[in-house]
file data06.tsv (TSV, C-alpha atoms)
chain	number	residue	atom	x	y	z
A	13	MET	CA	-41.42	5.77	-34.88
A	14	LYS	CA	-41.60	9.51	-34.25
A	15	GLU	CA	-39.87	11.22	-31.32
A	16	PHE	CA	-43.05	11.96	-29.38
A	17	ASP	CA	-44.37	8.46	-29.96
A	18	PHE	CA	-41.15	7.16	-28.38
A	19	ILE	CA	-41.51	9.49	-25.40
A	20	LYS	CA	-45.14	8.58	-24.81
A	21	ARG	CA	-44.66	4.84	-25.28
A	22	TYR	CA	-41.38	4.28	-23.42
A	23	LEU	CA	-40.61	7.23	-21.16
A	24	GLN	CA	-43.94	8.32	-19.67
A	25	THR	CA	-44.13	5.48	-17.18
A	26	GLY	CA	-44.71	5.19	-13.43
A	27	ALA	CA	-45.87	7.68	-10.86
A	28	ASP	CA	-44.30	9.40	-7.86
A	29	LYS	CA	-46.39	11.19	-5.23
A	30	ASP	CA	-43.68	13.87	-4.91
A	31	VAL	CA	-43.69	14.64	-8.65
A	32	VAL	CA	-46.14	17.52	-9.04
A	33	LEU	CA	-45.69	17.67	-12.82
A	34	GLY	CA	-43.78	15.05	-14.80
A	35	ILE	CA	-42.93	14.34	-18.43
A	36	GLY	CA	-45.03	16.18	-21.00
A	37	ASP	CA	-44.58	19.87	-20.15
A	38	ASP	CA	-41.72	22.36	-20.56
A	39	ALA	CA	-40.34	21.47	-17.14
A	40	ALA	CA	-40.97	19.03	-14.33
A	41	ILE	CA	-41.97	20.05	-10.82
A	42	VAL	CA	-40.94	18.02	-7.77
A	43	ARG	CA	-41.69	18.59	-4.11
A	44	PRO	CA	-38.85	17.64	-1.71
A	45	ARG	CA	-39.72	16.27	1.68
A	46	GLU	CA	-39.64	18.51	4.74
A	47	GLY	CA	-36.25	18.51	6.47
A	48	PHE	CA	-34.23	17.36	3.46
A	49	ASP	CA	-31.61	19.01	1.23
A	50	LEU	CA	-31.58	18.37	-2.52
A	51	CYS	CA	-28.45	17.02	-4.28
A	52	PHE	CA	-27.90	17.48	-8.01
A	53	SER	CA	-25.38	15.76	-10.29
A	54	ALA	CA	-24.95	15.08	-14.03
A	55	ASP	CA	-22.85	12.69	-16.09
A	56	MET	CA	-22.34	12.36	-19.84
A	57	LEU	CA	-21.46	9.11	-21.65
A	58	LEU	CA	-20.28	9.14	-25.29
A	59	LYS	CA	-19.80	6.28	-27.72
A	60	ASP	CA	-16.14	5.33	-28.22
A	61	ARG	CA	-15.17	7.45	-25.23
A	62	HIS	CA	-17.13	5.86	-22.39
A	63	PHE	CA	-18.58	2.74	-24.04
A	64	PHE	CA	-17.91	0.54	-27.05
A	65	ALA	CA	-20.19	0.73	-30.09
A	66	ASP	CA	-21.09	-2.96	-29.76
A	67	VAL	CA	-22.36	-2.69	-26.17
A	68	LYS	CA	-25.71	-4.36	-25.53
A	69	PRO	CA	-28.52	-1.84	-24.95
A	70	GLU	CA	-29.34	-3.46	-21.59
A	71	ASP	CA	-25.78	-2.96	-20.35
A	72	LEU	CA	-25.57	0.57	-21.72
A	73	ALA	CA	-28.80	1.64	-20.05
A	74	TRP	CA	-27.68	0.16	-16.74
A	75	LYS	CA	-24.38	2.06	-16.78
A	76	VAL	CA	-25.91	5.34	-17.98
A	77	LEU	CA	-28.09	5.39	-14.87
A	78	ALA	CA	-25.82	3.55	-12.41
A	79	VAL	CA	-22.95	6.03	-12.65
A	80	ASN	CA	-25.32	8.84	-11.68
A	81	ILE	CA	-26.87	6.90	-8.81
A	82	SER	CA	-23.32	6.32	-7.60
A	83	ASP	CA	-22.84	10.08	-7.21
A	84	MET	CA	-25.80	10.15	-4.85
A	85	ALA	CA	-24.34	7.23	-2.89
A	86	ALA	CA	-21.11	9.17	-2.44
A	87	MET	CA	-23.03	12.05	-0.85
A	88	GLY	CA	-25.03	9.78	1.44
A	89	ALA	CA	-28.17	10.79	-0.47
A	90	MET	CA	-31.23	8.86	-1.55
A	91	PRO	CA	-31.62	9.10	-5.36
A	92	ARG	CA	-35.11	10.29	-6.28
A	93	TRP	CA	-35.49	11.79	-9.77
A	94	VAL	CA	-33.59	11.80	-13.08
A	95	LEU	CA	-33.66	13.60	-16.40
A	96	LEU	CA	-32.35	11.68	-19.41
A	97	SER	CA	-31.10	13.30	-22.61
A	98	ALA	CA	-30.07	11.05	-25.49
A	99	ALA	CA	-28.68	11.43	-28.99
A	100	LEU	CA	-29.56	8.34	-31.04
A	101	PRO	CA	-28.81	7.53	-34.70
A	102	GLU	CA	-32.36	6.22	-35.16
A	103	LEU	CA	-35.44	5.22	-33.19
A	104	ASP	CA	-35.01	1.45	-33.43
A	105	GLU	CA	-37.98	0.07	-31.53
A	106	VAL	CA	-36.36	-3.28	-30.66
A	107	TRP	CA	-33.21	-1.54	-29.34
A	108	LEU	CA	-35.27	1.03	-27.42
A	109	LYS	CA	-37.40	-1.63	-25.77
A	110	ARG	CA	-34.29	-3.41	-24.47
A	111	PHE	CA	-32.63	-0.15	-23.38
A	112	CYS	CA	-35.70	1.18	-21.58
A	113	GLY	CA	-36.45	-2.15	-19.92
A	114	SER	CA	-33.02	-2.13	-18.29
A	115	PHE	CA	-33.07	1.60	-17.48
A	116	PHE	CA	-36.44	1.47	-15.73
A	117	GLY	CA	-35.57	-1.83	-14.04
A	118	LEU	CA	-32.58	-0.21	-12.34
A	119	ALA	CA	-34.58	2.94	-11.62
A	120	LYS	CA	-37.24	0.88	-9.87
A	121	LYS	CA	-34.58	-0.95	-7.83
A	122	PHE	CA	-33.42	2.35	-6.35
A	123	GLY	CA	-36.77	4.16	-6.23
A	124	VAL	CA	-35.85	6.62	-9.00
A	125	THR	CA	-38.44	8.35	-11.24
A	126	LEU	CA	-37.70	9.72	-14.72
A	127	ILE	CA	-39.20	13.23	-14.86
A	128	GLY	CA	-37.91	14.65	-18.15
A	129	GLY	CA	-35.04	15.12	-20.58
A	130	ASP	CA	-34.50	15.50	-24.31
A	131	THR	CA	-33.97	13.36	-27.41
A	132	THR	CA	-32.41	14.13	-30.77
A	133	LYS	CA	-30.73	12.42	-33.70
A	134	GLY	CA	-26.99	11.97	-33.18
A	135	ASP	CA	-24.15	9.55	-32.68
A	136	MET	CA	-24.96	7.83	-29.38
A	137	ALA	CA	-24.53	10.24	-26.49
A	138	PHE	CA	-26.33	10.16	-23.16
A	139	ASN	CA	-26.61	12.65	-20.33
A	140	VAL	CA	-28.39	12.05	-17.05
A	141	THR	CA	-29.11	14.68	-14.43
A	142	ILE	CA	-29.99	13.15	-11.09
A	143	ILE	CA	-31.59	14.69	-8.02
A	144	GLY	CA	-31.42	13.13	-4.58
A	145	GLU	CA	-32.44	13.92	-1.02
A	146	LEU	CA	-30.52	13.79	2.24
A	147	PRO	CA	-31.23	15.04	5.76
A	148	LYS	CA	-30.41	18.75	6.05
A	149	GLY	CA	-26.73	19.42	6.67
A	150	ARG	CA	-25.76	15.74	6.70
A	151	ALA	CA	-23.96	15.27	3.34
A	152	LEU	CA	-20.76	13.24	3.02
A	153	ARG	CA	-18.61	15.99	1.49
A	154	ARG	CA	-15.10	15.93	0.06
A	155	ASP	CA	-13.89	18.69	2.39
A	156	ALA	CA	-14.42	16.97	5.74
A	157	ALA	CA	-11.43	14.59	6.08
A	158	VAL	CA	-9.05	15.25	9.00
A	159	ALA	CA	-5.57	13.99	9.87
A	160	GLY	CA	-5.77	10.67	11.68
A	161	ASP	CA	-8.82	9.42	9.78
A	162	ASP	CA	-8.82	5.89	8.38
A	163	ILE	CA	-9.27	5.57	4.62
A	164	TRP	CA	-11.68	2.88	3.47
A	165	VAL	CA	-12.87	1.61	0.11
A	166	SER	CA	-15.89	-0.56	-0.65
A	167	GLY	CA	-15.97	-3.66	-2.81
A	168	ARG	CA	-13.07	-4.41	-5.15
A	169	VAL	CA	-11.14	-2.07	-7.43
A	170	GLY	CA	-9.23	-2.60	-10.66
A	171	MET	CA	-11.54	-5.16	-12.24
A	172	ALA	CA	-13.27	-2.78	-14.65
A	173	ALA	CA	-9.90	-1.42	-15.75
A	174	ALA	CA	-8.61	-4.95	-16.31
A	175	ALA	CA	-11.60	-5.76	-18.54
A	176	LEU	CA	-11.23	-2.52	-20.49
A	177	ASN	CA	-7.51	-3.04	-21.06
A	178	CYS	CA	-8.10	-6.65	-22.09
A	179	ARG	CA	-10.58	-5.44	-24.72
A	180	LEU	CA	-7.99	-2.90	-25.88
A	181	LYS	CA	-5.43	-5.76	-26.09
A	182	ARG	CA	-3.13	-4.21	-23.49
A	183	CYS	CA	-3.30	-7.33	-21.33
A	184	VAL	CA	-4.48	-10.93	-21.61
A	185	LEU	CA	-6.98	-12.47	-19.19
A	186	PRO	CA	-8.41	-16.00	-19.05
A	187	ASP	CA	-11.97	-16.06	-20.38
A	188	ASP	CA	-13.58	-16.65	-16.98
A	189	VAL	CA	-11.58	-13.85	-15.35
A	190	PHE	CA	-12.38	-11.47	-18.20
A	191	ALA	CA	-16.10	-12.29	-17.91
A	192	GLU	CA	-16.11	-11.51	-14.18
A	193	CYS	CA	-14.19	-8.27	-14.68
A	194	GLU	CA	-16.33	-7.21	-17.64
A	195	GLN	CA	-19.43	-7.50	-15.48
A	196	LYS	CA	-17.93	-4.84	-13.20
A	197	LEU	CA	-17.19	-2.65	-16.21
A	198	LEU	CA	-20.64	-2.97	-17.77
A	199	ARG	CA	-22.84	-3.14	-14.67
A	200	PRO	CA	-21.39	-1.28	-11.68
A	201	GLU	CA	-23.40	-1.53	-8.46
A	202	PRO	CA	-24.12	1.86	-6.87
A	203	ARG	CA	-23.45	1.72	-3.12
A	204	VAL	CA	-26.50	3.70	-2.05
A	205	GLY	CA	-27.24	1.59	1.02
A	206	LEU	CA	-23.68	1.93	2.24
A	207	GLY	CA	-23.66	5.69	1.68
A	208	LEU	CA	-26.82	6.06	3.75
A	209	ALA	CA	-25.47	3.78	6.49
A	210	LEU	CA	-22.25	5.81	6.71
A	211	LEU	CA	-23.99	9.15	7.30
A	212	PRO	CA	-23.82	9.04	11.13
A	213	PHE	CA	-20.03	8.60	11.36
A	214	ALA	CA	-18.12	8.86	8.04
A	215	ARG	CA	-16.50	12.23	7.38
A	216	ALA	CA	-15.62	12.56	3.67
A	217	ALA	CA	-16.56	10.40	0.70
A	218	GLN	CA	-16.20	10.15	-3.07
A	219	ASP	CA	-17.20	7.55	-5.63
A	220	VAL	CA	-14.35	5.96	-7.58
A	221	SER	CA	-15.04	6.80	-11.22
A	222	ASP	CA	-11.73	8.10	-12.59
A	223	GLY	CA	-9.27	6.10	-10.47
A	224	LEU	CA	-8.88	5.50	-6.74
A	225	ALA	CA	-5.76	7.67	-6.40
A	226	GLN	CA	-7.22	10.54	-8.40
A	227	ASP	CA	-10.59	10.48	-6.66
A	228	LEU	CA	-9.03	10.22	-3.20
A	229	GLY	CA	-6.90	13.18	-4.31
A	230	HIS	CA	-10.08	15.25	-4.67
A	231	ILE	CA	-10.83	14.60	-1.01
A	232	LEU	CA	-7.28	15.52	-0.01
A	233	THR	CA	-7.37	18.77	-1.98
A	234	ALA	CA	-10.78	19.81	-0.70
A	235	SER	CA	-9.85	18.96	2.91
A	236	GLY	CA	-6.32	20.39	2.79
A	237	VAL	CA	-4.74	17.13	4.00
A	238	GLY	CA	-2.51	14.33	2.73
A	239	ALA	CA	-2.66	10.54	2.86
A	240	GLU	CA	-0.78	7.30	2.64
A	241	ILE	CA	-2.23	4.25	0.93
A	242	TRP	CA	-0.96	0.74	1.58
A	243	ALA	CA	-0.66	-0.88	-1.87
A	244	ASP	CA	-0.85	-4.45	-0.59
A	245	SER	CA	-4.15	-3.74	1.19
A	246	LEU	CA	-5.99	-2.73	-2.00
A	247	PRO	CA	-8.97	-5.07	-2.48
A	248	SER	CA	-9.19	-6.58	-5.95
A	249	LEU	CA	-9.88	-9.90	-7.62
A	250	SER	CA	-7.07	-12.01	-6.16
A	251	VAL	CA	-6.33	-13.80	-9.42
A	252	LEU	CA	-5.54	-10.48	-11.12
A	253	LYS	CA	-2.63	-9.98	-8.75
A	254	ASP	CA	-1.27	-13.37	-9.82
A	255	ILE	CA	-1.85	-12.92	-13.57
A	256	LEU	CA	-0.72	-9.34	-14.12
A	257	PRO	CA	2.72	-7.81	-13.66
A	258	ARG	CA	2.75	-5.91	-10.36
A	259	ALA	CA	3.13	-2.50	-11.99
A	260	GLN	CA	0.15	-3.20	-14.25
A	261	TRP	CA	-1.97	-4.47	-11.38
A	262	LEU	CA	-1.17	-1.37	-9.34
A	263	SER	CA	-2.03	0.85	-12.31
A	264	TYR	CA	-5.44	-0.80	-12.70
A	265	THR	CA	-6.31	-0.74	-8.99
A	266	LEU	CA	-5.04	2.77	-8.28
A	267	ALA	CA	-5.67	4.61	-11.55
A	268	GLY	CA	-7.95	2.44	-13.67
A	269	GLY	CA	-11.32	3.91	-12.73
A	270	ASP	CA	-14.84	2.77	-13.63
A	271	ASP	CA	-15.11	0.99	-10.26
A	272	TYR	CA	-17.97	3.11	-8.83
A	273	GLU	CA	-17.06	1.99	-5.34
A	274	LEU	CA	-16.96	4.43	-2.41
A	275	VAL	CA	-13.71	5.71	-0.96
A	276	PHE	CA	-14.35	7.39	2.39
A	277	THR	CA	-12.73	8.48	5.64
A	278	ALA	CA	-13.77	7.96	9.23
A	279	SER	CA	-12.23	8.34	12.68
A	280	GLU	CA	-10.27	5.40	14.10
A	281	SER	CA	-12.88	5.23	16.86
A	282	CYS	CA	-15.52	4.35	14.26
A	283	ARG	CA	-13.91	1.18	12.88
A	284	GLU	CA	-16.43	-1.17	14.46
A	285	SER	CA	-19.30	1.05	13.28
A	286	VAL	CA	-17.97	1.07	9.71
A	287	LEU	CA	-17.63	-2.71	9.64
A	288	ALA	CA	-21.08	-3.20	11.17
A	289	ALA	CA	-22.69	-0.83	8.64
A	290	ALA	CA	-20.97	-2.61	5.77
A	291	GLU	CA	-22.11	-5.99	7.03
A	292	ARG	CA	-25.72	-4.79	7.28
A	293	CYS	CA	-25.54	-3.58	3.67
A	294	GLY	CA	-23.84	-6.74	2.42
A	295	VAL	CA	-20.95	-4.70	0.99
A	296	PRO	CA	-17.37	-5.53	1.99
A	297	VAL	CA	-15.12	-2.62	2.98
A	298	THR	CA	-11.35	-2.52	3.38
A	299	ARG	CA	-9.15	-0.14	5.35
A	300	ILE	CA	-6.44	0.94	2.88
A	301	GLY	CA	-4.64	3.88	4.47
A	302	LYS	CA	-4.55	6.94	6.71
A	303	ILE	CA	-5.14	10.66	6.35
A	304	ASN	CA	-2.18	12.79	7.44
A	305	GLY	CA	-1.12	16.44	7.35
A	306	GLU	CA	1.50	16.20	4.58
A	307	CYS	CA	-0.74	17.59	1.80
A	308	ARG	CA	0.23	14.90	-0.69
A	309	LEU	CA	-0.64	11.30	-1.51
A	310	LYS	CA	1.92	8.55	-0.88
A	311	VAL	CA	1.49	4.92	-1.93
A	312	LEU	CA	3.58	2.56	0.19
A	313	ASP	CA	4.55	-1.08	-0.35
A	314	ALA	CA	4.58	-3.71	2.41
A	315	GLY	CA	8.06	-2.59	3.45
A	316	GLY	CA	7.03	1.05	3.82
A	317	ARG	CA	8.79	2.19	0.63
A	318	GLU	CA	7.04	4.83	-1.45
A	319	LEU	CA	5.97	3.72	-4.93
A	320	GLU	CA	6.04	5.98	-7.97
A	321	LEU	CA	2.68	6.64	-9.64
A	322	HIS	CA	2.87	7.19	-13.39
A	323	SER	CA	-0.82	8.04	-13.61
A	324	LEU	CA	-3.41	9.00	-11.01
A	325	GLY	CA	-6.47	8.27	-13.15
A	326	PHE	CA	-8.56	9.01	-16.21
A	327	ASP	CA	-7.95	12.26	-18.10
A	328	HIS	CA	-11.22	13.45	-19.60
A	329	PHE	CA	-9.39	15.46	-22.27
A	330	GLY	CA	-6.44	13.10	-22.71

call {"tool": "encode", "arguments": {"input": "data06.tsv", "output": "structure tokens"}}
result
Amino acid sequence: MKEFDFIKRYLQTGADKDVVLGIGDDAAIVRPREGFDLCFSADMLLKDRHFFADVKPEDLAWKVLAVNISDMAAMGAMPRWVLLSAALPELDEVWLKRFCGSFFGLAKKFGVTLIGGDTTKGDMAFNVTIIGELPKGRALRRDAAVAGDDIWVSGRVGMAAAALNCRLKRCVLPDDVFAECEQKLLRPEPRVGLGLALLPFARAAQDVSDGLAQDLGHILTASGVGAEIWADSLPSLSVLKDILPRAQWLSYTLAGGDDYELVFTASESCRESVLAAAERCGVPVTRIGKINGECRLKVLDAGGRELELHSLGFDHFG
């Protein structure tokens, strides 16, 4: 199969009334809706750095797109359009059919249209640029947290890190526990509905990609505030806390990354609103700490003692 045959057969699919010009020209043209701001984000995934060489094409396609949709969720934006660039060792039609089926299945689930990109021969690298819309001036930004805010996190954290470390033989998990954790690693669920529901009352937000502590730290830095996190409130798979040594469990939940949950802040007065929004979306949320004015992050145990963090999260050049 030639490159342009691949593009025509697998990538030129679907229609979007707001896409003025789609795949097939030098650039795409989209028309945002009146009264909305545009959000842009990009993520790159490389073989042996972000995914294993033996990953199934369906799982790879899901993650390539899901991690970008998650960025839109963190802003409170509706994902609309993506550009996909891929380096592939060959144009294997069976592999491509499986990859594209999963990619476009997830895109359809979230109302996303592929409008362009690039392909070349190379050793399995993917880059997605995503564009979303949100009401003008209403973004959930990192720089909006204030002292006194509650800190919340959606879903469960640490499971993807547990699966990754099990594959790297740094821990041992029962088969059923590994399978449940691996699903979180391979197929994260972007929290778009929750991000949209939080727009009226959440202040700051961030998706948890590189580790809860590190990503919360971005909010603290941007907002010029500090925080305390209550270690025993961190939501995870309960069996992991029983299986793993405490230090290892804390490392996975606080610094493991690949969770793609939302960590966000909101006023104490909004607790009922946060819980109601989460219930409507079918996404559990947990209050895990408080914003303060100390300009640093503290992790406290049940007795109020500060715990030492050996790592905050993933180092992209480590």

call {"tool": "closest_atom_pairs", "arguments": {"input": "data06.tsv", "of": "range 71-161 of chain A", "to": "range 32-52 of chain A", "cutoff": "6 Å", "atoms": "all atoms listed in the file", "output": "tab-separated table"}}
result
residue	atom	partner	partner_atom	distance
A:Ile127	CA	A:Gly34	CA	4.9
A:Gly128	CA	A:Ile35	CA	5.0
A:Ile142	CA	A:Phe52	CA	5.7
A:Ile143	CA	A:Phe52	CA	4.6
A:Gly144	CA	A:Cys51	CA	4.9
A:Glu145	CA	A:Leu50	CA	4.8
A:Leu146	CA	A:Phe48	CA	5.3
A:Pro147	CA	A:Phe48	CA	4.4
A:Lys148	CA	A:Phe48	CA	4.8

call {"tool": "closest_residue", "arguments": {"input": "data06.tsv", "among": "A:Ala239, A:Leu152, A:Val67, A:Leu274", "to": "Lys302 in chain A", "atoms": "only C-alpha atoms"}}
result
A:Ala239

call {"tool": "atom_distance", "arguments": {"input": "data06.tsv", "atom1": "CA of Gly117 in chain A", "atom2": "CA of Arg203 in chain A"}}
result
16.7 Å

call {"tool": "residues_near_point", "arguments": {"input": "data06.tsv", "point": "(-10.1, 7.2, -4.9)", "cutoff": "9 Å", "atoms": "only C-alpha atoms", "output": "list of chain:residue names"}}
result
A:Val165, A:Gln218, A:Asp219, A:Val220, A:Ser221, A:Asp222, A:Gly223, A:Leu224, A:Ala225, A:Gln226, A:Asp227, A:Leu228, A:Gly229, A:His230, A:Ile231, A:Leu266, A:Ala267, A:Gly269, A:Glu273, A:Leu274, A:Val275, A:Phe276

call {"tool": "closest_residue", "arguments": {"input": "data06.tsv", "among": "A:Thr131, A:Thr298, A:Ser82, A:Thr125", "to": "Ala99 in chain A", "atoms": "all atoms listed in the file"}}
result
A:Thr131

call {"tool": "atom_distance", "arguments": {"input": "data06.tsv", "atom1": "CA of Ile81 in chain A", "atom2": "CA of Cys112 in chain A"}}
result
16.5 Å

call {"tool": "closest_residue", "arguments": {"input": "data06.tsv", "among": "A:Ser279, A:Trp93, A:Met171, A:Asp135", "to": "Ala65 in chain A", "atoms": "only C-alpha atoms"}}
result
A:Asp135

call {"tool": "atom_distance", "arguments": {"input": "data06.tsv", "atom1": "CA of Gly301 in chain A", "atom2": "CA of Cys193 in chain A"}}
result
24.6 Å

call {"tool": "residues_near_point", "arguments": {"input": "data06.tsv", "point": "(-19.2, 5.0, -21.5)", "cutoff": "12 Å", "atoms": "all atoms listed in the file", "output": "ChimeraX atom specification"}}
result
/A:55-67,71-79,136-139,172,176,197-200,221,269-270,328

call {"tool": "closest_residue", "arguments": {"input": "data06.tsv", "among": "A:Arg317, A:Pro69, A:Arg110, A:Arg292", "to": "Ala209 in chain A", "atoms": "only C-alpha atoms"}}
result
A:Arg292

call {"tool": "build_atoms", "arguments": {"input": "data06.tsv", "residues": "range 157-166 of chain A", "atoms": "all heavy atoms", "output": "CSV table (one decimal), keeping the file's coordinate frame"}}
result
chain,number,residue,atom,x,y,z
A,157,ALA,N,-12.4,15.5,5.5
A,157,ALA,CA,-11.4,14.6,6.1
A,157,ALA,C,-10.5,15.3,7.0
A,157,ALA,O,-10.1,16.5,6.8
A,157,ALA,CB,-10.7,13.9,4.9
A,158,VAL,N,-10.0,14.7,8.1
A,158,VAL,CA,-9.0,15.2,9.0
A,158,VAL,C,-7.9,14.3,9.2
A,158,VAL,O,-8.1,13.1,9.1
A,158,VAL,CB,-9.7,15.6,10.3
A,158,VAL,CG1,-10.8,16.7,10.1
A,158,VAL,CG2,-10.2,14.4,11.1
A,159,ALA,N,-6.7,14.8,9.6
A,159,ALA,CA,-5.6,14.0,9.9
A,159,ALA,C,-5.9,13.0,11.0
A,159,ALA,O,-6.5,13.3,12.0
A,159,ALA,CB,-4.4,14.9,10.3
A,160,GLY,N,-5.5,11.7,10.7
A,160,GLY,CA,-5.8,10.7,11.7
A,160,GLY,C,-6.9,9.8,11.2
A,160,GLY,O,-7.0,8.6,11.8
A,161,ASP,N,-7.7,10.2,10.3
A,161,ASP,CA,-8.8,9.4,9.8
A,161,ASP,C,-8.3,8.2,9.1
A,161,ASP,O,-7.2,8.2,8.5
A,161,ASP,CB,-9.6,10.2,8.7
A,161,ASP,CG,-10.7,11.1,9.3
A,161,ASP,OD1,-10.8,11.1,10.6
A,161,ASP,OD2,-11.4,11.8,8.6
A,162,ASP,N,-9.0,7.1,9.2
A,162,ASP,CA,-8.8,5.9,8.4
A,162,ASP,C,-9.4,6.2,7.0
A,162,ASP,O,-10.4,6.9,6.8
A,162,ASP,CB,-9.6,4.7,8.9
A,162,ASP,CG,-9.0,4.2,10.3
A,162,ASP,OD1,-7.7,4.3,10.4
A,162,ASP,OD2,-9.8,3.7,11.1
A,163,ILE,N,-8.7,5.5,6.0
A,163,ILE,CA,-9.3,5.6,4.6
A,163,ILE,C,-9.8,4.2,4.3
A,163,ILE,O,-9.1,3.2,4.5
A,163,ILE,CB,-8.2,6.0,3.6
A,163,ILE,CG1,-7.6,7.3,3.9
A,163,ILE,CG2,-8.8,6.0,2.2
A,163,ILE,CD1,-6.3,7.7,3.1
A,164,TRP,N,-11.0,4.1,3.8
A,164,TRP,CA,-11.7,2.9,3.5
A,164,TRP,C,-12.1,2.9,2.0
A,164,TRP,O,-12.4,4.0,1.5
A,164,TRP,CB,-12.9,2.7,4.3
A,164,TRP,CG,-12.8,2.6,5.8
A,164,TRP,CD1,-12.6,3.7,6.7
A,164,TRP,CD2,-12.8,1.4,6.6
A,164,TRP,NE1,-12.5,3.2,8.0
A,164,TRP,CE2,-12.6,1.9,8.0
A,164,TRP,CE3,-12.9,0.1,6.4
A,164,TRP,CZ2,-12.5,1.0,9.0
A,164,TRP,CZ3,-12.9,-0.8,7.4
A,164,TRP,CH2,-12.7,-0.4,8.7
A,165,VAL,N,-12.3,1.7,1.4
A,165,VAL,CA,-12.9,1.6,0.1
A,165,VAL,C,-13.8,0.4,0.1
A,165,VAL,O,-13.5,-0.6,0.8
A,165,VAL,CB,-11.8,1.5,-1.0
A,165,VAL,CG1,-11.1,0.1,-1.0
A,165,VAL,CG2,-12.4,1.7,-2.4
A,166,SER,N,-14.9,0.5,-0.6
A,166,SER,CA,-15.9,-0.6,-0.6
A,166,SER,C,-15.5,-1.5,-1.8
A,166,SER,O,-14.8,-1.1,-2.7
A,166,SER,CB,-17.3,0.0,-0.8
A,166,SER,OG,-17.4,0.6,-2.1
